$ cat structure-v2.txt   # compact mmCIF, C-alpha atoms
# COMPACT_ATOMS: atom_id res chain seq x y z
CA MET A 23 46.79 -200.95 -68.73
CA PHE A 24 47.44 -204.02 -70.87
CA ASP A 25 51.17 -204.23 -70.16
CA THR A 26 51.30 -207.86 -68.98
CA LEU A 27 49.05 -209.20 -71.75
CA THR A 28 50.82 -207.20 -74.49
CA ASP A 29 54.22 -208.49 -73.35
CA SER A 30 52.82 -212.04 -73.32
CA PHE A 31 51.65 -211.77 -76.94
CA LYS A 32 54.95 -210.25 -78.08
CA ASN A 33 56.96 -213.02 -76.41
CA ALA A 34 54.77 -215.75 -77.91
CA ILE A 35 54.91 -214.28 -81.43
CA GLY A 36 58.70 -213.94 -81.12
CA LYS A 37 59.05 -217.73 -80.74
CA ILE A 38 58.01 -218.30 -84.37
CA ARG A 39 60.88 -217.43 -86.68
CA PHE A 40 60.51 -219.87 -89.58
CA HIS A 41 57.70 -221.24 -91.74
CA ASP A 42 56.28 -224.74 -91.08
CA ASP A 43 58.12 -225.03 -87.75
CA GLU A 44 55.68 -227.05 -85.60
CA LYS A 45 58.14 -227.14 -82.71
CA ALA A 46 58.29 -223.33 -82.61
CA LEU A 47 54.48 -223.12 -82.74
CA LYS A 48 54.25 -225.51 -79.79
CA LYS A 49 56.70 -223.33 -77.82
CA ALA A 50 54.75 -220.18 -78.70
CA LEU A 51 51.44 -221.71 -77.58
CA THR A 52 52.97 -223.01 -74.33
CA GLU A 53 54.42 -219.57 -73.60
CA LEU A 54 51.07 -217.94 -74.38
CA LYS A 55 49.13 -220.37 -72.18
CA LYS A 56 51.40 -219.82 -69.16
CA SER A 57 51.33 -216.04 -69.56
CA LEU A 58 47.54 -215.85 -69.89
CA LEU A 59 46.96 -218.00 -66.81
CA LYS A 60 49.42 -215.82 -64.84
CA ALA A 61 47.49 -212.75 -66.02
CA ASP A 62 44.30 -214.12 -64.39
CA VAL A 63 42.55 -215.11 -67.61
CA HIS A 64 40.06 -217.89 -66.84
CA HIS A 65 41.42 -221.37 -67.65
CA LYS A 66 38.43 -222.23 -69.91
CA VAL A 67 38.97 -219.06 -71.95
CA VAL A 68 42.70 -219.84 -72.23
CA LYS A 69 42.02 -223.42 -73.34
CA GLU A 70 39.58 -222.24 -76.01
CA LEU A 71 41.89 -219.50 -77.28
CA ILE A 72 44.96 -221.77 -77.52
CA ALA A 73 43.04 -224.52 -79.35
CA THR A 74 41.59 -222.08 -81.90
CA VAL A 75 44.88 -220.25 -82.54
CA GLU A 76 46.68 -223.58 -83.05
CA ARG A 77 44.02 -224.89 -85.44
CA GLU A 78 43.82 -221.69 -87.52
CA THR A 79 47.60 -221.24 -87.69
CA LYS A 80 48.13 -224.80 -88.94
CA LYS A 81 45.26 -224.43 -91.43
CA ASN A 82 46.86 -221.35 -93.03
CA GLY A 83 50.46 -222.57 -92.83
CA ILE A 84 52.67 -222.07 -89.76
CA GLY A 85 54.37 -218.69 -89.75
CA LYS A 86 54.56 -215.48 -87.71
CA ASP A 87 51.94 -213.64 -89.81
CA GLN A 88 49.52 -216.57 -89.70
CA PHE A 89 49.94 -216.94 -85.93
CA LEU A 90 49.40 -213.20 -85.45
CA ALA A 91 46.26 -213.16 -87.63
CA ALA A 92 44.79 -216.17 -85.82
CA LEU A 93 45.50 -214.63 -82.41
CA GLN A 94 43.95 -211.27 -83.37
CA ALA A 95 40.81 -212.88 -84.79
CA GLU A 96 40.33 -215.06 -81.71
CA LEU A 97 40.87 -212.13 -79.33
CA VAL A 98 38.18 -210.10 -81.11
CA ARG A 99 35.80 -213.09 -80.91
CA ILE A 100 36.43 -213.65 -77.18
CA LEU A 101 36.09 -209.94 -76.36
CA THR A 102 32.80 -209.65 -78.23
CA ALA A 103 29.41 -210.48 -76.69
CA GLU A 104 25.99 -209.93 -78.22
CA GLY A 105 24.65 -206.48 -77.40
CA ASN A 106 25.59 -202.81 -77.62
CA GLN A 107 29.13 -201.42 -77.62
CA GLY A 108 30.16 -198.17 -75.93
CA PHE A 109 27.22 -195.88 -75.13
CA VAL A 110 24.06 -196.19 -77.24
CA PHE A 111 21.37 -193.51 -77.04
CA ALA A 112 17.68 -194.35 -76.97
CA SER A 113 15.63 -193.39 -80.04
CA ARG A 114 13.63 -191.03 -77.82
CA PRO A 115 15.43 -189.09 -75.06
CA PRO A 116 16.16 -189.26 -72.25
CA THR A 117 18.33 -192.40 -72.32
CA VAL A 118 17.93 -193.89 -68.83
CA VAL A 119 20.79 -195.95 -67.39
CA LEU A 120 20.71 -197.85 -64.10
CA MET A 121 24.20 -198.04 -62.51
CA THR A 122 24.47 -201.15 -60.30
CA GLY A 123 27.25 -202.90 -58.37
CA LEU A 124 28.53 -203.93 -54.96
CA GLN A 125 29.82 -201.48 -52.36
CA GLY A 126 33.41 -200.47 -52.99
CA SER A 127 33.30 -201.35 -56.70
CA GLY A 128 33.69 -197.71 -57.76
CA LYS A 129 30.05 -197.42 -58.90
CA THR A 130 29.50 -193.82 -57.75
CA THR A 131 32.78 -192.55 -59.22
CA THR A 132 32.08 -194.44 -62.46
CA THR A 133 28.67 -192.75 -62.66
CA GLY A 134 30.46 -189.40 -62.48
CA LYS A 135 33.00 -190.44 -65.12
CA LEU A 136 30.27 -191.58 -67.48
CA ALA A 137 28.37 -188.31 -66.97
CA TYR A 138 31.58 -186.36 -67.67
CA MET A 139 32.27 -188.30 -70.88
CA LEU A 140 28.71 -187.79 -72.17
CA LYS A 141 28.84 -184.07 -71.36
CA GLU A 142 32.33 -183.30 -72.68
CA GLN A 143 32.70 -185.69 -75.62
CA LYS A 144 29.08 -186.19 -76.74
CA LYS A 145 27.86 -182.70 -75.75
CA LYS A 146 24.78 -184.12 -74.01
CA LYS A 147 22.66 -182.68 -71.19
CA VAL A 148 23.06 -185.18 -68.33
CA LEU A 149 21.13 -185.64 -65.08
CA ILE A 150 22.50 -187.77 -62.23
CA VAL A 151 20.18 -189.35 -59.66
CA ALA A 152 21.62 -190.11 -56.19
CA ALA A 153 19.45 -193.18 -55.45
CA ASP A 154 22.04 -194.93 -53.25
CA LEU A 155 20.53 -194.18 -49.84
CA GLN A 156 22.15 -197.16 -48.10
CA ARG A 157 25.80 -196.12 -47.93
CA LEU A 158 26.59 -193.25 -45.61
CA ALA A 159 27.99 -190.26 -47.52
CA ALA A 160 27.12 -191.75 -50.95
CA VAL A 161 24.82 -188.83 -51.73
CA GLU A 162 27.39 -186.28 -50.56
CA GLN A 163 30.09 -187.96 -52.67
CA LEU A 164 27.89 -187.74 -55.75
CA ARG A 165 26.97 -184.15 -54.92
CA GLN A 166 30.68 -183.23 -54.90
CA ILE A 167 31.33 -185.10 -58.17
CA ALA A 168 28.33 -183.45 -59.87
CA ALA A 169 29.56 -180.01 -58.77
CA GLN A 170 33.09 -180.78 -59.97
CA ILE A 171 31.99 -181.86 -63.47
CA GLU A 172 29.15 -179.29 -63.61
CA VAL A 173 26.33 -181.78 -64.15
CA ASP A 174 22.86 -181.51 -62.54
CA LEU A 175 21.93 -183.79 -59.65
CA VAL A 176 18.67 -184.96 -58.09
CA ALA A 177 19.16 -185.94 -54.44
CA ASP A 178 17.02 -186.29 -51.32
CA GLU A 179 18.26 -188.33 -48.34
CA ASN A 180 14.77 -188.30 -46.77
CA GLY A 181 12.84 -189.91 -49.62
CA THR A 182 12.87 -193.45 -51.02
CA PRO A 183 14.89 -194.50 -54.09
CA VAL A 184 11.68 -195.13 -56.07
CA GLU A 185 10.25 -191.67 -55.23
CA LEU A 186 13.57 -190.09 -56.17
CA VAL A 187 13.68 -191.87 -59.52
CA ARG A 188 10.13 -190.77 -60.39
CA THR A 189 10.93 -187.16 -59.49
CA ALA A 190 14.11 -187.26 -61.58
CA LEU A 191 12.43 -188.75 -64.64
CA LYS A 192 9.73 -186.07 -64.56
CA LYS A 193 12.43 -183.39 -64.34
CA ALA A 194 14.30 -185.02 -67.24
CA GLU A 195 11.15 -185.02 -69.42
CA ASP A 196 10.16 -181.46 -68.50
CA GLU A 197 13.64 -179.96 -68.90
CA LEU A 198 14.71 -181.96 -71.98
CA TYR A 199 17.69 -183.91 -70.61
CA ASP A 200 19.43 -186.30 -73.00
CA VAL A 201 20.62 -188.84 -70.42
CA VAL A 202 19.63 -189.85 -66.89
CA LEU A 203 22.20 -191.85 -64.86
CA ILE A 204 20.78 -193.49 -61.72
CA ASP A 205 23.31 -194.44 -59.02
CA THR A 206 21.72 -197.31 -57.09
CA ALA A 207 22.49 -198.91 -53.72
CA GLY A 208 25.16 -201.55 -53.28
CA ARG A 209 25.98 -204.06 -50.55
CA LEU A 210 29.14 -205.81 -49.43
CA ALA A 211 27.66 -208.98 -50.93
CA ILE A 212 24.66 -209.97 -53.05
CA ASP A 213 21.56 -210.52 -50.87
CA GLU A 214 17.77 -210.67 -51.26
CA GLU A 215 17.21 -207.19 -49.80
CA LEU A 216 19.57 -205.60 -52.35
CA MET A 217 17.99 -207.41 -55.28
CA ALA A 218 14.47 -206.53 -54.11
CA GLU A 219 15.35 -202.82 -53.92
CA LEU A 220 17.03 -202.90 -57.34
CA ALA A 221 13.97 -204.62 -58.82
CA GLU A 222 11.73 -201.83 -57.45
CA VAL A 223 14.00 -199.09 -58.82
CA GLN A 224 14.25 -200.91 -62.15
CA GLN A 225 10.46 -201.09 -62.41
CA ALA A 226 10.09 -197.36 -61.63
CA ALA A 227 12.90 -196.30 -63.98
CA ASP A 228 12.17 -198.65 -66.89
CA PRO A 229 15.82 -198.16 -67.99
CA ASP A 230 17.20 -198.46 -71.50
CA GLU A 231 20.41 -199.94 -70.08
CA ILE A 232 21.53 -201.58 -66.82
CA PHE A 233 25.28 -201.34 -66.27
CA TYR A 234 27.05 -203.49 -63.70
CA VAL A 235 30.21 -201.86 -62.32
CA ALA A 236 32.80 -204.52 -61.47
CA ASP A 237 36.05 -203.92 -59.60
CA ALA A 238 38.87 -205.21 -61.86
CA MET A 239 41.09 -205.69 -58.79
CA THR A 240 38.84 -208.54 -57.58
CA GLY A 241 39.76 -210.73 -60.57
CA MET A 242 37.50 -213.74 -61.09
CA ASP A 243 35.12 -212.52 -58.37
CA ALA A 244 34.18 -209.70 -60.75
CA VAL A 245 33.11 -212.30 -63.33
CA ARG A 246 31.06 -214.30 -60.81
CA THR A 247 29.20 -211.29 -59.37
CA ALA A 248 28.49 -209.92 -62.86
CA ALA A 249 27.00 -213.30 -63.84
CA THR A 250 24.79 -213.24 -60.72
CA PHE A 251 23.54 -209.72 -61.42
CA LYS A 252 22.79 -210.75 -65.02
CA GLU A 253 20.74 -213.69 -63.75
CA LYS A 254 18.87 -211.69 -61.07
CA ILE A 255 18.11 -208.36 -62.79
CA GLY A 256 19.27 -208.72 -66.40
CA ILE A 257 22.24 -206.38 -66.93
CA THR A 258 23.02 -205.14 -70.47
CA GLY A 259 26.65 -204.21 -69.96
CA VAL A 260 29.66 -204.38 -67.64
CA VAL A 261 31.96 -201.50 -66.69
CA LEU A 262 35.35 -202.50 -65.28
CA SER A 263 36.49 -199.94 -62.71
CA LYS A 264 40.03 -199.55 -61.28
CA PHE A 265 41.46 -201.25 -64.36
CA ASP A 266 44.54 -199.03 -64.15
CA GLY A 267 45.39 -200.73 -60.83
CA ASP A 268 45.12 -204.25 -62.31
CA SER A 269 48.51 -204.74 -63.98
CA LYS A 270 47.58 -208.28 -65.08
CA GLY A 271 44.47 -207.26 -67.02
CA GLY A 272 43.23 -210.82 -67.52
CA VAL A 273 39.72 -210.22 -66.22
CA ALA A 274 38.98 -207.94 -69.21
CA LEU A 275 39.90 -210.74 -71.60
CA GLY A 276 37.28 -213.18 -70.36
CA ILE A 277 34.43 -211.30 -68.70
CA ALA A 278 32.29 -210.63 -71.81
CA HIS A 279 32.77 -214.20 -73.07
CA GLN A 280 32.00 -215.80 -69.71
CA VAL A 281 29.10 -213.60 -68.62
CA GLY A 282 27.59 -213.25 -72.09
CA VAL A 283 27.21 -209.48 -71.68
CA PRO A 284 29.35 -206.87 -73.49
CA LEU A 285 32.11 -205.10 -71.58
CA ARG A 286 31.13 -201.48 -72.30
CA PHE A 287 33.72 -199.28 -70.56
CA ILE A 288 36.95 -199.55 -68.59
CA GLY A 289 38.18 -197.15 -65.91
CA SER A 290 41.73 -196.23 -66.93
CA GLY A 291 42.70 -193.87 -64.09
CA GLU A 292 41.50 -191.92 -61.06
CA LYS A 293 40.42 -188.70 -62.80
CA MET A 294 36.99 -187.97 -64.27
CA PRO A 295 38.17 -188.17 -67.93
CA ASP A 296 39.66 -191.64 -67.31
CA LEU A 297 36.87 -193.78 -68.73
CA GLU A 298 37.21 -195.44 -72.13
CA PRO A 299 34.69 -197.24 -74.35
CA PHE A 300 35.53 -200.93 -74.73
CA ILE A 301 35.38 -201.68 -78.46
CA PRO A 302 36.75 -205.24 -79.08
CA GLU A 303 38.55 -204.47 -82.37
CA ARG A 304 40.23 -201.39 -80.90
CA ILE A 305 41.19 -203.11 -77.66
CA THR A 306 42.70 -205.99 -79.64
CA GLY A 307 44.81 -203.43 -81.51
CA ARG A 308 46.11 -202.08 -78.20
CA LEU A 309 46.75 -205.57 -76.85
CA MET A 310 48.87 -206.30 -79.93
CA GLY A 311 50.80 -203.03 -79.48
CA ALA A 312 49.15 -201.31 -82.46
CA GLY A 313 47.52 -198.54 -80.40
CA ASP A 314 44.05 -197.08 -80.95
CA ILE A 315 44.25 -194.01 -83.16
CA GLU A 316 40.48 -194.05 -83.81
CA GLY A 317 39.75 -193.97 -80.06
CA LEU A 318 42.29 -191.19 -79.52
CA ALA A 319 40.80 -189.14 -82.36
CA GLU A 320 37.32 -189.49 -80.83
CA LYS A 321 38.59 -188.49 -77.42
CA THR A 322 40.44 -185.39 -78.63
CA ALA A 323 37.66 -184.31 -81.04
CA GLY A 324 35.23 -184.32 -78.13
CA VAL A 325 37.22 -181.96 -75.93
CA ILE A 326 39.32 -179.85 -78.30
CA ASP A 327 37.51 -177.19 -80.32
CA GLU A 328 38.36 -177.42 -84.04
CA LYS A 329 38.81 -173.65 -84.50
CA THR A 330 41.07 -173.46 -81.45
CA ALA A 331 43.12 -176.41 -82.72
CA LYS A 332 43.62 -174.76 -86.14
CA ARG A 333 44.60 -171.45 -84.54
CA MET A 334 47.08 -173.23 -82.25
CA THR A 335 48.57 -175.22 -85.15
CA SER A 336 49.07 -172.01 -87.10
CA LYS A 337 50.84 -170.34 -84.15
CA ILE A 338 53.08 -173.39 -83.60
CA LYS A 339 54.09 -173.46 -87.28
CA LYS A 340 55.05 -169.78 -87.08
CA GLY A 341 56.94 -170.30 -83.80
CA GLN A 342 54.55 -167.97 -81.94
CA PHE A 343 53.53 -170.36 -79.13
CA ASN A 344 53.39 -168.35 -75.87
CA PHE A 345 52.58 -168.88 -72.17
CA ASN A 346 48.87 -168.14 -72.60
CA ASP A 347 48.80 -170.91 -75.21
CA PHE A 348 50.62 -173.20 -72.78
CA LEU A 349 47.96 -172.65 -70.08
CA ASP A 350 45.18 -173.27 -72.62
CA GLN A 351 46.84 -176.51 -73.70
CA MET A 352 47.20 -177.69 -70.09
CA GLU A 353 43.45 -177.19 -69.60
CA GLN A 354 42.74 -179.24 -72.73
CA ILE A 355 45.12 -182.04 -71.68
CA LYS A 356 43.36 -182.29 -68.30
CA LYS A 357 40.16 -183.19 -70.13
CA LEU A 358 41.81 -186.09 -71.99
CA GLY A 359 42.70 -188.13 -68.89
CA SER A 360 45.94 -189.75 -67.76
CA MET A 361 49.06 -189.40 -69.91
CA LYS A 362 49.71 -193.15 -69.63
CA SER A 363 46.32 -193.90 -71.14
CA ILE A 364 46.78 -191.37 -73.96
CA MET A 365 50.27 -192.67 -74.85
CA GLY A 366 48.95 -196.26 -74.85
CA MET A 367 46.59 -195.29 -77.70
CA ILE A 368 49.45 -194.16 -79.97
CA PRO A 369 50.97 -196.96 -82.12
CA GLY A 370 54.45 -197.95 -80.99
CA MET A 371 54.27 -195.94 -77.77
CA GLY A 372 53.57 -198.85 -75.42
CA ASN A 373 57.05 -198.72 -73.87
CA MET A 374 56.80 -194.97 -73.34
CA ALA A 375 53.42 -195.42 -71.64
CA LYS A 376 55.03 -197.92 -69.24
CA GLN A 377 57.80 -195.46 -68.38
CA LEU A 378 55.30 -192.71 -67.67
CA GLY A 379 53.70 -194.94 -65.06
CA ASP A 380 51.09 -193.07 -63.05
CA MET A 381 52.71 -189.67 -63.63
CA ASP A 382 50.30 -186.83 -62.94
CA LEU A 383 51.35 -184.20 -65.45
CA GLU A 384 49.04 -181.52 -64.07
CA ASN A 385 50.41 -181.81 -60.52
CA SER A 386 54.09 -182.37 -61.38
CA ASP A 387 56.56 -180.00 -59.68
CA GLU A 388 57.64 -178.57 -63.01
CA VAL A 389 54.13 -177.69 -64.17
CA LYS A 390 53.40 -176.12 -60.77
CA GLN A 391 56.54 -174.00 -61.14
CA ILE A 392 55.54 -172.88 -64.64
CA LYS A 393 52.01 -171.99 -63.49
CA ALA A 394 53.39 -169.99 -60.55
CA MET A 395 55.80 -168.19 -62.85
CA VAL A 396 53.12 -167.42 -65.46
CA SER A 397 50.85 -166.04 -62.71
CA SER A 398 53.59 -163.52 -61.91
CA MET A 399 53.87 -162.31 -65.53
CA THR A 400 52.20 -159.26 -67.03
CA PRO A 401 49.74 -159.88 -69.94
CA LYS A 402 52.38 -158.61 -72.40
CA GLU A 403 55.04 -160.97 -71.01
CA ARG A 404 52.71 -163.94 -71.38
CA GLU A 405 52.08 -163.04 -75.02
CA ASN A 406 55.73 -162.32 -75.78
CA PRO A 407 58.25 -164.28 -73.64
CA ASP A 408 61.12 -162.49 -75.47
CA LEU A 409 60.39 -159.41 -73.31
CA LEU A 410 61.76 -161.23 -70.27
CA ASN A 411 65.11 -159.53 -69.53
CA ASN A 412 67.13 -160.10 -66.33
CA SER A 413 65.25 -157.57 -64.17
CA ARG A 414 61.89 -159.01 -65.23
CA LYS A 415 63.16 -162.54 -64.51
CA ARG A 416 64.18 -161.48 -60.98
CA ARG A 417 60.67 -160.08 -60.46
CA LEU A 418 59.14 -163.36 -61.67
CA ALA A 419 61.39 -165.41 -59.39
CA ALA A 420 60.34 -163.36 -56.35
CA GLY A 421 56.65 -163.51 -57.30
CA ALA A 422 56.66 -167.29 -57.92
CA GLY A 423 58.85 -168.25 -54.96
CA LEU A 424 61.61 -169.56 -57.25
CA ASP A 425 65.27 -168.70 -57.60
CA PRO A 426 66.51 -167.00 -60.84
CA MET A 427 68.21 -170.24 -61.99
CA GLN A 428 64.89 -172.09 -61.87
CA VAL A 429 63.22 -169.32 -63.89
CA ASN A 430 66.01 -169.45 -66.49
CA ARG A 431 65.74 -173.25 -66.72
CA VAL A 432 61.94 -173.15 -67.19
CA LEU A 433 62.23 -170.44 -69.86
CA LYS A 434 64.92 -172.41 -71.69
CA GLN A 435 62.83 -175.59 -71.62
CA PHE A 436 59.78 -173.65 -72.82
CA LYS A 437 61.78 -172.26 -75.75
CA ASN A 438 63.12 -175.75 -76.59
CA ALA A 439 59.59 -177.20 -76.41
CA SER A 440 58.32 -174.47 -78.78
CA LYS A 441 61.10 -175.28 -81.24
CA MET A 442 60.32 -178.99 -81.00
CA ALA A 443 56.60 -178.34 -81.54
CA LYS A 444 57.43 -176.23 -84.61
CA LYS A 445 59.61 -179.02 -85.99
CA MET A 446 56.93 -181.65 -85.32
CA SER A 447 54.38 -179.55 -87.24
CA THR A 448 56.45 -179.86 -90.42
CA LYS A 449 56.02 -182.69 -92.92
CA GLY A 450 57.49 -185.89 -91.47
CA GLY A 451 58.21 -184.23 -88.12
CA MET A 452 55.79 -186.39 -86.14
CA LYS A 453 57.24 -189.58 -87.64
CA GLU A 454 60.72 -188.44 -86.62
CA MET A 455 59.54 -187.78 -83.08
CA GLN A 456 57.75 -191.13 -82.84
CA LYS A 457 60.85 -192.95 -84.07
CA MET A 458 63.02 -191.18 -81.49
CA MET A 459 60.61 -191.98 -78.64
CA GLN A 460 60.37 -195.63 -79.71
CA GLN A 461 64.17 -195.86 -79.63
CA MET A 462 64.25 -194.29 -76.17
CA GLY A 463 61.58 -196.75 -75.02
CA GLY A 464 63.41 -199.73 -76.50
CA GLN A 465 66.64 -198.76 -74.75
CA GLY A 466 64.82 -198.49 -71.44
CA GLY A 467 66.39 -195.08 -71.07
CA GLY A 468 63.38 -193.41 -69.50
CA VAL A 469 61.63 -190.29 -70.65
CA PRO A 470 63.91 -187.73 -72.36
CA PRO A 471 64.73 -185.05 -69.76
CA GLY A 472 64.05 -182.26 -72.28
CA LEU A 473 60.49 -183.49 -72.73
CA MET A 474 59.31 -184.06 -69.19
CA GLY A 475 61.69 -181.90 -67.16
CA ARG A 476 63.86 -182.99 -64.27
$ encode --input "structure-v2.txt" --output "structure tokens"
Amino acid sequence: MFDTLTDSFKNAIGKIRFHDDEKALKKALTELKKSLLKADVHHKVVKELIATVERETKKNGIGKDQFLAALQAELVRILTAEGNQGFVFASRPPTVVLMTGLQGSGKTTTTGKLAYMLKEQKKKKVLIVAADLQRLAAVEQLRQIAAQIEVDLVADENGTPVELVRTALKKAEDELYDVVLIDTAGRLAIDEELMAELAEVQQAADPDEIFYVADAMTGMDAVRTAATFKEKIGITGVVLSKFDGDSKGGVALGIAHQVGVPLRFIGSGEKMPDLEPFIPERITGRLMGAGDIEGLAEKTAGVIDEKTAKRMTSKIKKGQFNFNDFLDQMEQIKKLGSMKSIMGMIPGMGNMAKQLGDMDLENSDEVKQIKAMVSSMTPKERENPDLLNNSRKRRLAAGAGLDPMQVNRVLKQFKNASKMAKKMSTKGGMKEMQKMMQQMGGQGGGVPPGLMGR
């Protein structure tokens, strides 16, 4: 997500090789300025950042470490605005959140993503309110999302948004919901009618938070519209949608600073799990290529049961990982979001994340083949792949629509993956793997065929 910006910082830092080299510092700052402007960072933000980094670096003595420290500190400052970070629950439930934004910004999908995150990671009871009665099919879209993520919905195309909100809040009080997310109407542009309707809904809902969903692909327009919404209805946070499609990433660097409202979440992919809290210190770590282990730990802890994880670790260490375990793991991975986003959180894996691109692991040909093959197995074969002799393999091939060579290849790769997992579970195994993947990434050699298949 932050590819362009991360590369810019690396290139700038690489210009400083010696201490007290003012010429090198000048080159580094010039490189940084050009890169940030190309990445769509607002010119005022760039000017401020460059001036501060130069002043702080000179004050502490010119050198790579001093430049890096000054850049990190200034990034955290620029990314931070007064207000809440991530999702903050009200002292008395339900926490009511008004989701606002223009048409096409991804507001409805973001509402679903936020509901999914609160349900899966925070284990909260969530109610969605379909109060966007302006856009055709908005209610139906939200109905489908709510069914997909198994979250309750209040919807009525024949009522008014205010009536709907009042009904939903009563339901939330009576049935002890933790969070109520209200999807409001949008327009193609900001107008008086839109603002009047939002003001009515706001008055009826008395929300704890008002989130403005901004389309990252619109660049500086996202900043301007967020500022207008802040002025008109008083938003408490911004959510950047479609951030995975914005390779430049500059809008994220300036929006909180310019609008004066915290950036709360970023949409990191198309799937429901692809929404990440925007915590300035953590994001700065990712921008500098240091990953976000804390964020990854939170994400995995929310969706992976601790007992299941311990049982799986024990099986891997003993080399007993089977096809039932594989299917279970695939279901868990689906809940974590895109592979690119996950890899970007691991220190030193930035290059590998780039190579993964927008790969959809769940729908890759290889995973589909494995699932088809596993579906053709008996319960005993799933538990013990060593039972698979040639006649059983021929049966599997026929049942899965594969040829015997494909079955043999999948089984071989599965066995290799089990061995690799066993090795990684030993002391120092993960460090070895990380080192190998970093080397692969640095060589630009692509993803190792044994890991991702062919």
$ closest_residue --input "structure-v2.txt" --among "A:Thr189, A:Asp228, A:Thr131, A:Glu172" --to "Leu262 of chain A" --atoms "only C-alpha atoms"
A:Thr131
$ residues_around --input "structure-v2.txt" --residues "Met294 of chain A" --least-positions-apart "3" --cutoff "7 Å" --atoms "all atoms listed in the file" --output "count of residues only"
3
$ residues_around --input "structure-v2.txt" --residues "Leu410 of chain A" --least-positions-apart "6" --cutoff "12 Å" --atoms "all atoms listed in the file" --output "list in words"
Met395, Val396, Ser398, Met399, Thr400, Lys402, Glu403, Arg404, Arg416, Arg417, Leu418, Ala419, Val429, Asn430, Leu433 and Lys434 of chain A
$ write_last_selection --input "structure-v2.txt" --atoms "C-alpha atoms" --output "mmCIF file, in the coordinates of the input"
data_model
loop_
_atom_site.group_PDB
_atom_site.id
_atom_site.type_symbol
_atom_site.label_atom_id
_atom_site.label_comp_id
_atom_site.auth_asym_id
_atom_site.auth_seq_id
_atom_site.Cartn_x
_atom_site.Cartn_y
_atom_site.Cartn_z
ATOM 1 C CA MET A 395 55.800 -168.190 -62.850
ATOM 2 C CA VAL A 396 53.120 -167.420 -65.460
ATOM 3 C CA SER A 398 53.590 -163.520 -61.910
ATOM 4 C CA MET A 399 53.870 -162.310 -65.530
ATOM 5 C CA THR A 400 52.200 -159.260 -67.030
ATOM 6 C CA LYS A 402 52.380 -158.610 -72.400
ATOM 7 C CA GLU A 403 55.040 -160.970 -71.010
ATOM 8 C CA ARG A 404 52.710 -163.940 -71.380
ATOM 9 C CA ARG A 416 64.180 -161.480 -60.980
ATOM 10 C CA ARG A 417 60.670 -160.080 -60.460
ATOM 11 C CA LEU A 418 59.140 -163.360 -61.670
ATOM 12 C CA ALA A 419 61.390 -165.410 -59.390
ATOM 13 C CA VAL A 429 63.220 -169.320 -63.890
ATOM 14 C CA ASN A 430 66.010 -169.450 -66.490
ATOM 15 C CA LEU A 433 62.230 -170.440 -69.860
ATOM 16 C CA LYS A 434 64.920 -172.410 -71.690
#
$ atom_distance --input "structure-v2.txt" --atom1 "atom CA of Lys86 of chain A" --atom2 "atom CA of Leu27 of chain A"
18.0 Å
$ closest_residue --input "structure-v2.txt" --among "A:Met242, A:Leu349, A:Leu309, A:Leu97" --to "Phe31 of chain A" --atoms "all atoms listed in the file"
A:Leu309
$ residues_around --input "structure-v2.txt" --residues "segment 67-73 of chain A" --least-positions-apart "6" --cutoff "12 Å" --atoms "only C-alpha atoms" --output "number ranges by chain"
A: 34, 47-61, 79-80, 89, 92-101, 272-281
$ atom_distance --input "structure-v2.txt" --atom1 "atom CA of Asn346 of chain A" --atom2 "atom CA of Glu405 of chain A"
6.5 Å
$ residues_around --input "structure-v2.txt" --residues "Ala194 of chain A" --least-positions-apart "5" --cutoff "8 Å" --atoms "only C-alpha atoms" --output "mmCIF file with C-alpha atoms, in the coordinates of the input"
data_model
loop_
_atom_site.group_PDB
_atom_site.id
_atom_site.type_symbol
_atom_site.label_atom_id
_atom_site.label_comp_id
_atom_site.auth_asym_id
_atom_site.auth_seq_id
_atom_site.Cartn_x
_atom_site.Cartn_y
_atom_site.Cartn_z
ATOM 1 C CA PRO A 116 16.160 -189.260 -72.250
ATOM 2 C CA LEU A 149 21.130 -185.640 -65.080
ATOM 3 C CA TYR A 199 17.690 -183.910 -70.610
ATOM 4 C CA ASP A 200 19.430 -186.300 -73.000
ATOM 5 C CA VAL A 202 19.630 -189.850 -66.890
#
$ atom_distance --input "structure-v2.txt" --atom1 "atom CA of Thr117 of chain A" --atom2 "atom CA of Gly289 of chain A"
21.4 Å
$ closest_residue --input "structure-v2.txt" --among "A:Gly181, A:Gly256, A:Pro115, A:Gly208" --to "Lys129 of chain A" --atoms "all atoms listed in the file"
A:Gly208
$ residues_around --input "structure-v2.txt" --residues "Gly83 of chain A" --least-positions-apart "5" --cutoff "12 Å" --atoms "only C-alpha atoms" --output "PyMOL selection string"
chain A and resi 40-44+47+75-78+88-92
$ closest_atom_pairs --input "structure-v2.txt" --of "segment 189-215 of chain A" --to "segment 244-252 of chain A" --cutoff "12 Å" --atoms "all atoms listed in the file" --output "JSON lines"
{"residue": "A:Gly208", "atom": "CA", "partner": "A:Phe251", "partner_atom": "CA", "distance": 11.6}
{"residue": "A:Arg209", "atom": "CA", "partner": "A:Thr247", "partner_atom": "CA", "distance": 11.9}
{"residue": "A:Leu210", "atom": "CA", "partner": "A:Thr247", "partner_atom": "CA", "distance": 11.4}
{"residue": "A:Ala211", "atom": "CA", "partner": "A:Thr247", "partner_atom": "CA", "distance": 8.9}
{"residue": "A:Ile212", "atom": "CA", "partner": "A:Thr247", "partner_atom": "CA", "distance": 7.9}
{"residue": "A:Asp213", "atom": "CA", "partner": "A:Thr250", "partner_atom": "CA", "distance": 10.7}
{"residue": "A:Glu214", "atom": "CA", "partner": "A:Phe251", "partner_atom": "CA", "distance": 11.7}
